[in-house]
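Asker: To be precise about what I am sending: the file is called run.txt and holds compact mmCIF, C-alpha atoms.
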# COMPACT_ATOMS: atom_id res chain seq x y z
CA MET A 673 0.00 0.00 0.00
CA ILE A 674 2.65 2.51 1.10
CA SER A 675 5.06 1.46 -1.65
CA ASN A 676 2.28 1.79 -4.20
CA LEU A 677 1.54 5.33 -2.99
CA ALA A 678 5.24 6.22 -2.97
CA TRP A 679 5.54 4.90 -6.52
CA ILE A 680 2.59 7.03 -7.70
CA PHE A 681 4.06 10.09 -5.98
CA PHE A 682 7.62 9.84 -7.29
CA SER A 683 6.73 8.71 -10.79
CA THR A 684 4.41 11.73 -11.17
CA LEU A 685 6.92 14.08 -9.56
CA LEU A 686 9.99 13.07 -11.55
CA ILE A 687 9.59 10.42 -14.25
CA ASN A 688 6.31 11.60 -15.73
CA ASN A 689 6.70 15.21 -14.67
CA PHE A 690 3.55 16.96 -15.90
CA THR A 691 5.37 19.87 -17.49
CA LEU A 692 8.65 18.46 -18.74
CA ALA A 693 7.63 14.98 -19.83
CA MET A 694 3.94 15.34 -20.67
CA PHE A 695 3.70 18.93 -21.94
CA LEU A 696 0.94 20.02 -19.59
CA GLY A 697 0.63 23.53 -18.19
CA LEU A 698 3.06 25.04 -20.66
CA CYS A 699 1.29 28.43 -20.78
CA ALA A 700 2.16 29.04 -17.13
CA PHE A 701 5.57 27.42 -17.59
CA PHE A 702 6.58 29.90 -20.29
CA GLY A 703 4.36 32.84 -19.33
CA VAL A 704 4.89 33.24 -15.60
CA THR A 705 8.44 32.04 -15.04
CA THR A 706 10.28 35.34 -15.06
CA LYS A 707 10.73 35.64 -11.28
CA ILE A 708 11.40 32.87 -8.76
CA ASP A 709 8.84 34.22 -6.27
CA THR A 710 5.88 34.23 -8.66
CA GLY A 711 7.05 30.90 -10.01
CA TRP A 712 6.84 28.92 -6.82
CA ARG A 713 3.78 30.78 -5.54
CA LEU A 714 1.85 29.91 -8.66
CA GLY A 715 3.08 26.35 -8.28
CA ALA A 716 1.72 26.26 -4.74
CA ALA A 717 -1.66 27.64 -5.83
CA ASN A 718 -1.79 25.05 -8.59
CA THR A 719 -0.94 22.25 -6.16
CA PHE A 720 -3.79 23.33 -3.91
CA VAL A 721 -6.28 23.38 -6.79
CA LEU A 722 -4.97 20.02 -8.03
CA VAL A 723 -5.57 18.34 -4.67
CA MET A 724 -9.07 19.84 -4.39
CA THR A 725 -9.78 18.68 -7.95
CA ALA A 726 -8.61 15.16 -7.16
CA VAL A 727 -11.06 14.95 -4.26
CA SER A 728 -14.03 16.33 -6.18
CA VAL A 729 -13.28 14.22 -9.24
CA TRP A 730 -13.35 11.12 -7.09
CA PHE A 731 -16.80 12.07 -5.79
CA LEU A 732 -17.98 12.88 -9.34
CA ASN A 733 -16.71 9.55 -10.68
CA ARG A 734 -18.18 7.63 -7.79
CA PHE A 735 -21.66 9.13 -7.64
CA VAL A 736 -22.44 10.99 -10.87
CA LEU A 737 -20.44 9.93 -13.90
CA ALA A 738 -21.03 6.21 -13.47
CA GLU A 739 -24.56 6.94 -14.71
CA ALA A 740 -23.59 9.34 -17.50
CA PRO A 741 -20.03 8.85 -18.78
CA TYR A 742 -20.60 11.10 -21.81
CA LEU A 743 -20.84 14.11 -19.49
CA ARG A 744 -17.23 13.59 -18.34
CA THR A 745 -15.50 16.53 -20.05
CA ILE A 746 -18.29 18.98 -19.33
CA ALA A 747 -18.67 17.94 -15.68
CA PHE A 748 -14.92 18.15 -15.05
CA ILE A 749 -14.47 21.59 -16.53
CA VAL A 750 -17.47 23.00 -14.68
CA VAL A 751 -16.22 21.62 -11.37
CA ILE A 752 -12.71 22.95 -11.99
CA ALA A 753 -13.98 26.41 -12.93
CA SER A 754 -16.10 26.63 -9.78
CA LEU A 755 -13.24 25.31 -7.63
CA VAL A 756 -10.88 27.98 -8.92
CA GLN A 757 -13.55 30.59 -8.25
CA ILE A 758 -13.94 29.38 -4.66
CA VAL A 759 -10.18 29.27 -4.09
CA GLU A 760 -9.95 32.79 -5.46
CA MET A 761 -12.63 34.04 -3.03
CA ILE A 762 -11.00 32.31 -0.06
CA ILE A 763 -7.55 33.71 -0.85
CA LYS A 764 -9.02 37.16 -1.44
CA LYS A 765 -10.74 37.08 1.96
CA PHE A 766 -8.02 35.53 4.13
CA LEU A 767 -4.73 36.21 2.32
CA PRO A 768 -5.18 39.57 0.55
CA VAL A 769 -1.42 40.05 0.07
CA LEU A 770 -1.02 36.77 -1.81
CA PHE A 771 -4.13 37.60 -3.82
CA ARG A 772 -2.60 40.84 -5.06
CA GLU A 773 0.66 39.14 -5.93
CA LEU A 774 -0.92 36.35 -7.97
CA GLY A 775 -3.28 38.76 -9.76
CA ILE A 776 -4.43 37.50 -13.13
CA TYR A 777 -2.72 34.11 -12.75
CA LEU A 778 -5.28 32.87 -10.22
CA PRO A 779 -8.31 32.80 -12.54
CA LEU A 780 -6.06 31.49 -15.31
CA ILE A 781 -5.54 28.27 -13.36
CA THR A 782 -8.93 27.23 -14.79
CA THR A 783 -7.47 26.96 -18.28
CA ASN A 784 -4.27 25.27 -17.11
CA CYS A 785 -4.42 21.95 -18.90
CA ALA A 786 -2.60 20.21 -16.04
CA ILE A 787 -5.75 20.38 -13.90
CA LEU A 788 -8.12 18.86 -16.44
CA ALA A 789 -5.47 16.30 -17.42
CA LEU A 790 -5.16 15.23 -13.78
CA ALA A 791 -8.90 14.66 -13.64
CA LEU A 792 -8.81 12.61 -16.85
CA PHE A 793 -5.80 10.51 -15.83
CA GLN A 794 -7.30 9.85 -12.43
CA THR A 795 -10.42 8.56 -14.16
CA THR A 796 -8.71 6.35 -16.73
CA ARG A 797 -6.30 4.89 -14.17
CA LYS A 798 -9.14 4.26 -11.68
CA TYR A 799 -7.33 5.71 -8.65
CA ASN A 800 -9.14 5.60 -5.33
CA LEU A 801 -9.45 8.66 -3.08
CA ILE A 802 -6.07 8.36 -1.33
CA GLU A 803 -4.19 7.41 -4.49
CA GLY A 804 -5.84 10.37 -6.23
CA ILE A 805 -4.70 12.81 -3.55
CA VAL A 806 -1.13 11.47 -3.65
CA PHE A 807 -1.19 11.66 -7.45
CA ALA A 808 -2.34 15.29 -7.26
CA LEU A 809 0.36 16.13 -4.71
CA GLY A 810 3.04 14.60 -6.93
CA ALA A 811 1.75 16.42 -9.99
CA GLY A 812 1.51 19.75 -8.14
CA LEU A 813 4.97 19.51 -6.62
CA GLY A 814 6.32 18.47 -10.03
CA LEU A 815 4.79 21.61 -11.56
CA THR A 816 6.22 23.73 -8.75
CA LEU A 817 9.64 22.17 -9.26
CA ALA A 818 9.61 22.84 -13.00
CA LEU A 819 8.31 26.41 -12.56
CA THR A 820 10.92 27.25 -9.90
CA LEU A 821 13.82 25.75 -11.87
CA MET A 822 12.81 27.55 -15.03
CA ALA A 823 12.31 30.85 -13.19
CA SER A 824 15.76 30.59 -11.59
CA ILE A 825 17.39 30.03 -14.98
CA ARG A 826 15.46 32.87 -16.57
CA GLU A 827 16.45 35.30 -13.80
CA ARG A 828 20.06 34.64 -14.80
CA LEU A 829 19.20 34.94 -18.51
CA ASP A 830 17.96 38.49 -17.93
CA VAL A 831 21.50 39.72 -17.30
CA ALA A 832 23.20 37.45 -19.85
CA ASP A 833 24.26 38.66 -23.27
CA ILE A 834 22.28 36.57 -25.77
CA PRO A 835 21.95 37.05 -29.55
CA ALA A 836 18.98 39.15 -30.69
CA MET A 837 17.35 36.35 -32.66
CA ALA A 838 17.08 34.16 -29.54
CA LYS A 839 15.59 36.93 -27.36
CA ARG A 840 11.92 36.18 -27.85
CA MET A 841 11.34 32.56 -26.91
CA GLY A 842 13.89 30.48 -28.81
CA LEU A 843 16.49 30.20 -26.12
CA VAL A 844 13.91 29.54 -23.38
CA LEU A 845 12.49 26.61 -25.35
CA ILE A 846 15.92 25.14 -25.93
CA ILE A 847 16.63 25.43 -22.20
CA ALA A 848 13.32 23.66 -21.58
CA SER A 849 14.50 20.94 -23.94
CA CYS A 850 17.68 20.48 -21.90
CA MET A 851 15.66 20.35 -18.66
CA SER A 852 13.35 17.80 -20.19
CA MET A 853 16.37 15.74 -21.22
CA ALA A 854 17.69 15.88 -17.67
CA PHE A 855 14.35 14.68 -16.33
CA MET A 856 14.40 11.77 -18.78
CA GLY A 857 17.33 10.50 -16.74
CA PHE A 858 14.90 9.71 -13.93
CA ALA A 859 13.19 7.14 -16.16
CA GLY A 860 15.83 4.63 -15.02
CA MET A 861 14.26 4.74 -11.55
CA GLY A 862 11.29 2.82 -12.90
CA SER A 863 13.08 -0.48 -13.33
CA GLY A 864 14.80 -0.45 -9.94
CA MET B 1057 -10.93 62.77 -30.66
CA THR B 1058 -8.44 61.78 -27.99
CA THR B 1059 -10.44 58.76 -26.91
CA GLU B 1060 -10.61 57.56 -30.49
CA ALA B 1061 -6.88 57.91 -30.86
CA ALA B 1062 -6.41 55.93 -27.65
CA ILE B 1063 -8.70 53.12 -28.80
CA ALA B 1064 -7.31 52.75 -32.32
CA PRO B 1065 -3.93 51.16 -31.50
CA ALA B 1066 -5.42 49.01 -28.77
CA ALA B 1067 -7.99 47.51 -31.13
CA ALA B 1068 -5.26 45.90 -33.20
CA GLU B 1069 -4.07 44.00 -30.11
CA PRO B 1070 -5.74 40.55 -29.84
CA PHE B 1071 -6.53 40.43 -26.12
CA VAL B 1072 -8.24 43.71 -25.18
CA PRO B 1073 -11.92 44.42 -24.61
CA GLY B 1074 -13.66 46.18 -27.48
CA ALA B 1075 -14.67 44.87 -30.88
CA PRO B 1076 -12.02 44.26 -33.53
CA PRO B 1077 -11.88 46.88 -36.32
CA PRO B 1078 -13.92 46.10 -39.44
CA ALA B 1079 -12.06 44.18 -42.12
CA PRO B 1080 -12.95 42.15 -45.23
CA LEU B 1081 -13.56 38.43 -44.66
CA ARG B 1082 -10.49 37.50 -46.68
CA LEU B 1083 -8.30 39.41 -44.22
CA ASP B 1084 -10.06 37.78 -41.24
CA VAL B 1085 -9.07 34.38 -42.59
CA TRP B 1086 -5.55 35.40 -43.62
CA ARG B 1087 -4.73 37.02 -40.26
CA GLY B 1088 -4.97 33.70 -38.40
CA ILE B 1089 -2.74 31.91 -40.88
CA ALA B 1090 0.07 34.44 -41.11
CA ASP B 1091 0.25 37.74 -39.21
CA ASP B 1092 -1.48 36.55 -36.05
CA ASN B 1093 -0.66 32.85 -36.20
CA PRO B 1094 -1.95 31.43 -32.89
CA VAL B 1095 1.08 29.24 -32.22
CA MET B 1096 4.00 31.04 -33.80
CA ILE B 1097 3.06 34.67 -33.07
CA GLN B 1098 0.58 34.60 -30.16
CA MET B 1099 2.18 31.55 -28.50
CA LEU B 1100 -1.14 29.96 -27.59
CA GLY B 1101 -2.00 26.28 -27.60
CA LEU B 1102 1.60 25.20 -27.08
CA CYS B 1103 0.73 22.09 -25.05
CA PRO B 1104 -1.00 20.10 -27.83
CA THR B 1105 1.42 21.44 -30.45
CA MET B 1106 4.38 19.93 -28.67
CA ALA B 1107 2.75 16.90 -27.10
CA ILE B 1108 1.26 15.17 -30.12
CA SER B 1109 3.56 16.39 -32.88
CA ASN B 1110 5.70 13.24 -33.18
CA GLN B 1111 3.68 11.89 -36.16
CA VAL B 1112 2.03 13.63 -39.09
CA SER B 1113 -1.13 11.54 -38.74
CA ASN B 1114 -1.53 12.71 -35.12
CA GLY B 1115 -1.13 16.30 -36.25
CA LEU B 1116 -3.81 15.93 -38.92
CA GLY B 1117 -6.28 14.36 -36.46
CA MET B 1118 -5.62 16.93 -33.76
CA GLY B 1119 -5.81 19.80 -36.26
CA ALA B 1120 -9.11 18.55 -37.68
CA ALA B 1121 -10.66 18.13 -34.22
CA THR B 1122 -9.50 21.58 -33.12
CA ILE B 1123 -10.77 23.25 -36.31
CA PHE B 1124 -14.16 21.57 -35.85
CA VAL B 1125 -14.46 22.75 -32.24
CA LEU B 1126 -13.12 26.23 -33.03
CA VAL B 1127 -15.46 26.86 -35.97
CA CYS B 1128 -18.59 25.44 -34.31
CA SER B 1129 -18.08 27.17 -30.98
CA SER B 1130 -17.17 30.50 -32.61
CA PHE B 1131 -20.34 30.32 -34.70
CA LEU B 1132 -22.58 29.50 -31.74
CA ILE B 1133 -20.95 32.06 -29.43
CA SER B 1134 -21.29 34.74 -32.07
CA LEU B 1135 -24.99 33.92 -32.53
CA LEU B 1136 -25.58 34.07 -28.77
CA ARG B 1137 -23.38 37.11 -28.10
CA LYS B 1138 -26.30 39.43 -27.31
CA VAL B 1139 -27.98 36.94 -24.98
CA ILE B 1140 -24.97 35.95 -22.85
CA PRO B 1141 -24.61 38.24 -19.80
CA ALA B 1142 -21.14 39.73 -19.51
CA GLU B 1143 -20.61 38.45 -15.93
CA VAL B 1144 -20.91 34.78 -16.79
CA ARG B 1145 -19.60 34.91 -20.34
CA LEU B 1146 -16.42 32.91 -19.69
CA ALA B 1147 -18.34 30.09 -17.99
CA THR B 1148 -20.81 30.05 -20.89
CA TYR B 1149 -18.04 29.97 -23.48
CA ILE B 1150 -16.31 27.09 -21.68
CA LEU B 1151 -19.58 25.12 -21.54
CA ILE B 1152 -20.24 25.62 -25.26
CA ILE B 1153 -16.67 24.62 -26.09
CA ALA B 1154 -16.84 21.57 -23.82
CA THR B 1155 -20.01 20.43 -25.58
CA PHE B 1156 -18.38 20.49 -29.00
CA VAL B 1157 -15.24 18.83 -27.63
CA THR B 1158 -17.39 15.99 -26.28
CA ILE B 1159 -18.95 15.56 -29.73
CA ALA B 1160 -15.51 15.51 -31.39
CA ASP B 1161 -14.19 13.08 -28.78
CA LEU B 1162 -17.08 10.63 -29.16
CA VAL B 1163 -17.00 10.78 -32.97
CA MET B 1164 -13.26 10.13 -32.97
CA GLN B 1165 -13.67 7.21 -30.55
CA ALA B 1166 -16.32 5.71 -32.83
CA TYR B 1167 -14.71 6.18 -36.25
CA SER B 1168 -10.95 6.11 -35.62
CA PRO B 1169 -10.30 4.36 -32.31
CA VAL B 1170 -6.56 4.03 -33.03
CA LEU B 1171 -6.08 7.77 -33.46
CA SER B 1172 -8.25 8.42 -30.42
CA LYS B 1173 -6.03 6.11 -28.38
CA THR B 1174 -2.74 7.72 -29.50
CA LEU B 1175 -4.01 11.24 -28.84
CA GLY B 1176 -5.27 10.05 -25.45
CA PRO B 1177 -6.19 12.83 -23.03
CA PHE B 1178 -5.27 15.51 -25.54
CA VAL B 1179 -8.66 15.23 -27.27
CA PRO B 1180 -10.73 16.19 -24.19
CA LEU B 1181 -7.97 18.67 -23.38
CA ILE B 1182 -8.99 20.73 -26.44
CA VAL B 1183 -11.43 22.35 -23.96
CA VAL B 1184 -8.57 24.18 -22.29
CA ASN B 1185 -6.74 25.03 -25.51
CA CYS B 1186 -6.24 28.76 -25.01
CA ILE B 1187 -6.68 29.45 -28.75
CA ILE B 1188 -10.39 28.61 -28.63
CA LEU B 1189 -11.28 30.54 -25.47
CA GLY B 1190 -9.01 33.37 -26.63
CA ARG B 1191 -10.82 33.70 -29.97
CA ALA B 1192 -14.21 33.51 -28.24
CA GLU B 1193 -13.23 36.31 -25.87
CA ALA B 1194 -11.38 38.52 -28.38
CA PHE B 1195 -13.41 37.97 -31.51
CA ALA B 1196 -16.43 35.66 -31.69
CA GLY B 1197 -18.21 37.26 -28.72
CA LYS B 1198 -18.05 40.68 -30.37
CA VAL B 1199 -18.76 40.26 -34.08
CA GLY B 1200 -21.37 38.71 -36.39
CA PRO B 1201 -21.40 34.98 -37.17
CA LEU B 1202 -19.91 35.31 -40.67
CA ARG B 1203 -16.78 37.12 -39.49
CA ALA B 1204 -16.51 34.84 -36.46
CA VAL B 1205 -16.47 31.75 -38.68
CA ALA B 1206 -13.96 33.35 -41.07
CA ASP B 1207 -11.68 34.17 -38.16
CA ALA B 1208 -12.10 30.69 -36.68
CA ILE B 1209 -11.20 29.05 -40.00
CA GLY B 1210 -8.11 31.24 -40.29
CA MET B 1211 -6.96 30.55 -36.75
CA GLY B 1212 -7.68 26.84 -37.13
CA LEU B 1213 -5.66 26.65 -40.36
CA GLY B 1214 -2.84 28.62 -38.71
CA PHE B 1215 -2.81 26.10 -35.85
CA LEU B 1216 -2.83 23.20 -38.32
CA LEU B 1217 0.04 24.78 -40.27
CA ALA B 1218 2.24 25.15 -37.20
CA LEU B 1219 1.30 21.64 -36.10
CA LEU B 1220 2.17 20.13 -39.48
CA ILE B 1221 5.55 21.90 -39.65
CA MET B 1222 6.44 20.46 -36.24
CA CYS B 1223 5.04 17.00 -37.03
CA ALA B 1224 6.72 16.71 -40.41
CA PHE B 1225 10.13 17.71 -39.04
CA ARG B 1226 9.89 15.43 -36.02
CA GLU B 1227 8.56 12.41 -37.89
CA VAL B 1228 11.02 12.66 -40.79
CA VAL B 1229 14.06 13.17 -38.58
CA GLY B 1230 12.93 11.16 -35.59
CA SER B 1231 11.70 7.99 -37.26
CA GLY B 1232 12.78 8.42 -40.89
CA MET B 1233 9.19 8.21 -42.09
CA PHE B 1234 6.50 10.49 -43.47
CA LEU B 1235 2.88 9.50 -42.79
CA GLY B 1236 4.19 6.04 -41.97
CA HIS B 1237 6.13 5.59 -45.24
CA PRO B 1238 9.89 5.00 -44.81
CA LEU B 1239 11.91 7.67 -46.59
CA PHE B 1240 15.62 6.95 -46.29
CA GLY B 1241 15.98 3.19 -46.70
CA PRO B 1242 17.17 0.65 -44.16
CA ASN B 1243 20.55 2.25 -43.41
CA TYR B 1244 19.08 5.36 -41.82
CA GLU B 1245 19.53 5.50 -38.07
CA PRO B 1246 16.54 7.50 -36.73
CA TRP B 1247 17.13 10.24 -34.15
CA VAL B 1248 14.81 8.75 -31.56
CA PHE B 1249 15.53 11.82 -29.42
CA MET B 1250 13.36 13.94 -31.72
CA ILE B 1251 10.17 11.97 -31.12
CA MET B 1252 10.67 12.01 -27.34
CA PRO B 1253 9.57 14.96 -25.14
CA PRO B 1254 12.87 16.95 -25.30
CA GLY B 1255 12.68 16.80 -29.10
CA GLY B 1256 9.34 18.61 -28.96
CA PHE B 1257 10.80 21.49 -26.99
CA LEU B 1258 13.87 21.54 -29.25
CA THR B 1259 11.86 21.62 -32.50
CA MET B 1260 9.69 24.44 -31.20
CA GLY B 1261 12.82 26.28 -30.04
CA LEU B 1262 14.43 25.90 -33.46
CA MET B 1263 11.25 27.21 -35.07
CA PHE B 1264 11.30 30.31 -32.87
CA LEU B 1265 15.03 30.77 -33.52
CA ALA B 1266 14.41 30.63 -37.28
CA MET B 1267 11.64 33.19 -36.95
CA GLY B 1268 13.84 35.41 -34.80
CA TRP B 1269 16.61 35.16 -37.38
CA TRP B 1270 14.14 36.06 -40.15
CA GLY B 1271 12.86 39.04 -38.16
CA GLU B 1272 16.38 40.35 -37.46
CA ARG B 1273 17.34 39.94 -41.09
CA LYS B 1274 14.28 41.86 -42.25
CA LYS B 1275 15.10 44.64 -39.79
CA ALA B 1276 18.71 44.80 -41.01
CA LEU B 1277 17.63 44.92 -44.67
CA LEU B 1278 15.15 47.69 -43.88
CA LYS B 1279 17.85 49.70 -42.15
CA LYS B 1280 20.12 49.26 -45.15
CA ALA B 1281 17.38 50.35 -47.53
CA VAL B 1282 16.67 53.49 -45.48
CA ALA B 1283 20.39 54.36 -45.23
Output the file's structure as structure tokens, nothing else.
Answerer:
Amino acid sequence: MISNLAWIFFSTLLINNFTLAMFLGLCAFFGVTTKIDTGWRLGAANTFVLVMTAVSVWFLNRFVLAEAPYLRTIAFIVVIASLVQIVEMIIKKFLPVLFRELGIYLPLITTNCAILALALFQTTRKYNLIEGIVFALGAGLGLTLALTLMASIRERLDVADIPAMAKRMGLVLIIASCMSMAFMGFAGMGSG
Amino acid sequence: MTTEAAIAPAAAEPFVPGAPPPAPLRLDVWRGIADDNPVMIQMLGLCPTMAISNQVSNGLGMGAATIFVLVCSSFLISLLRKVIPAEVRLATYILIIATFVTIADLVMQAYSPVLSKTLGPFVPLIVVNCIILGRAEAFAGKVGPLRAVADAIGMGLGFLLALLIMCAFREVVGSGMFLGHPLFGPNYEPWVFMIMPPGGFLTMGLMFLAMGWWGERKKALLKKAVA
């Protein structure tokens, strides 16, 4: 049981990292990673939403979607949109400073494909409630890891002297490619 | 006078409130393919572009599904634009988009189960493709159905174009095949790297580098011509 959970956690965190191995949540990965602080804060907000989504998706799968599987996509996106709205209200009420810092990125979590993908994977892999929560934690921390690493590199890039043709996005994507290659090295963990 | 001057430059920007300036339908289509290409210029919809671009057949399927959803939802949103209250417009758009994505998903599962299996979660994930919601918010929700459809076709074709460039490069280099047909004979050692995740980032990076090089060159030529 514990080893199964640990396997789910680490394989989602490192081997199948949502951003670097499965191309999910790239908008945030390229759009928000200019400062380390915003990077990891957004990662944390995403992790929170991911865990909440995992719980609600389990309830949806258990009690609603068994009767009407064709409503899957619609039900998931509606639940995610309302969840993000609720999280936004809670943060606005209790943590106004964080709310101001995250700004537009909070509502944008709704259209982060990582969230919907988590819901879909959880459904196809038939995870139970605890497995789902661990899966969401792994995915969220994996996102946070990728966002923070990328933001740290890009903070250094700001002061580096790079050719004009690579200024827009070219260099950032090639760096992402190198990071993705590095994360492929973790694939060896699977056999051991 | 001053307000008009302030609005005019903003209206050309894709993501600001306010209707887009009037233009002939031909331009509405062309804008999505070239000047405002959703992937290469606006940098939207990067996730599917990189994730499924290791085979040309995947690219064609994904492009077709996205064009279907984009055109249908733009048409419906444009028809309903006066009925949808501004406060809940995003939720309404998402619901309309999700409906068409469900249709596309079920049709694909029924008629090409193999393709549906390879694309996996990326078919339902069309719901959160920022291109579609972006066009609904910036264009379809503000203009008549004819222009909305023209714009959707243009953006869809622009997405397909970017997707096919990526797919063709990655499939030819990465597995030595095009649409499943071997190209280089048995002695070719495929660069497996290119069809794995880092290859996706690298191909996209090379594409942006090429475009940056092109832009710099144009600027330099212009400077020379002026001087």
Asker: In Å, rounded to a single decimal, give me how far atom CA of A:Phe748 is from atom CA of A:Trp712.
Answerer: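 Separation of atom CA of A:Trp712 and atom CA of A:Phe748: 25.6 Å.
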Asker: Using only C-alpha atoms, can you tell me which of A:Met724, A:Leu677, A:Val750, A:Ile687 comes closest to B:Ala1147?
Answerer: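 Once distances to B:Ala1147 are computed over only C-alpha atoms, the minimum belongs to A:Val750.
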Asker: Considering only C-alpha atoms, tabulate each residue of chain A that lies at most 8 Å from chain B along with its nearest interatomic pair and the corresponding distance in Å to one decimal; arrange the rows by chain and ascending residue number and present them as CSV.
Answerer:
residue,atom,partner,partner_atom,distance
A:Leu692,CA,B:Pro1253,CA,7.4
A:Ala693,CA,B:Pro1253,CA,5.7
A:Met694,CA,B:Ala1107,CA,6.7
A:Phe695,CA,B:Cys1103,CA,5.3
A:Leu696,CA,B:Cys1103,CA,5.8
A:Gly697,CA,B:Cys1103,CA,7.0
A:Leu698,CA,B:Cys1103,CA,5.8
A:Cys699,CA,B:Leu1102,CA,7.1
A:Tyr742,CA,B:Thr1158,CA,7.4
A:Leu743,CA,B:Thr1158,CA,7.8
A:Thr745,CA,B:Pro1180,CA,6.3
A:Ile746,CA,B:Ala1154,CA,5.4
A:Ile749,CA,B:Ala1154,CA,7.7
A:Val750,CA,B:Leu1151,CA,7.5
A:Ala753,CA,B:Ala1147,CA,7.6
A:Thr783,CA,B:Val1184,CA,5.0
A:Asn784,CA,B:Val1184,CA,6.8
A:Cys785,CA,B:Val1184,CA,5.8
A:Leu788,CA,B:Leu1181,CA,6.9
A:Ala789,CA,B:Pro1177,CA,6.6
A:Leu792,CA,B:Pro1177,CA,6.7
A:Phe793,CA,B:Pro1177,CA,7.6
A:Ala836,CA,B:Glu1272,CA,7.4
A:Met837,CA,B:Gly1268,CA,4.2
A:Ala838,CA,B:Leu1265,CA,5.6
A:Lys839,CA,B:Gly1268,CA,7.8
A:Arg840,CA,B:Gly1268,CA,7.3
A:Met841,CA,B:Phe1264,CA,6.4
A:Gly842,CA,B:Gly1261,CA,4.5
A:Leu843,CA,B:Gly1261,CA,6.6
A:Val844,CA,B:Gly1261,CA,7.5
A:Leu845,CA,B:Gly1261,CA,4.7
A:Ile846,CA,B:Gly1261,CA,5.3
A:Ala848,CA,B:Phe1257,CA,6.4
A:Ser849,CA,B:Pro1254,CA,4.5
A:Cys850,CA,B:Pro1254,CA,6.9
A:Met851,CA,B:Pro1254,CA,8.0
A:Ser852,CA,B:Pro1254,CA,5.2
A:Met853,CA,B:Pro1254,CA,5.5
Asker: What is the atom CA of B:Ala1206 to atom CA of B:Met1222 distance in Å?
Answerer: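 Rounded to one decimal, the two atoms are 24.6 Å apart.
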Asker: State, in Å with one decimal place, the distance from atom CA of A:Gly804 to atom CA of A:Ala726.
Answerer: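 Distance reported for this atom pair: 5.6 Å.
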Asker: A:Ile805: which residues within 10 Å, counting only C-alpha atoms, same-chain residues fewer than 5 positions away excluded, as an MDAnalysis selection string?
Answerer: chainID A and resid 677 681 722:727 730 794 799:800 810:811
Asker: Need the neighbours of (11.8, 25.7, -16.4): which residues are at most 8 Å away, counting only C-alpha atoms, as a ChimeraX atom specification?
Answerer: /A:701-702,705,818-825,847-848,851
Asker: Looking at all atoms listed in the file, which of B:Phe1131, B:Gln1098, B:Pro1077, B:Leu1219 is the one that sits closest to A:Gly703?
Answerer: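 Smallest separation from A:Gly703 among the options: B:Gln1098.
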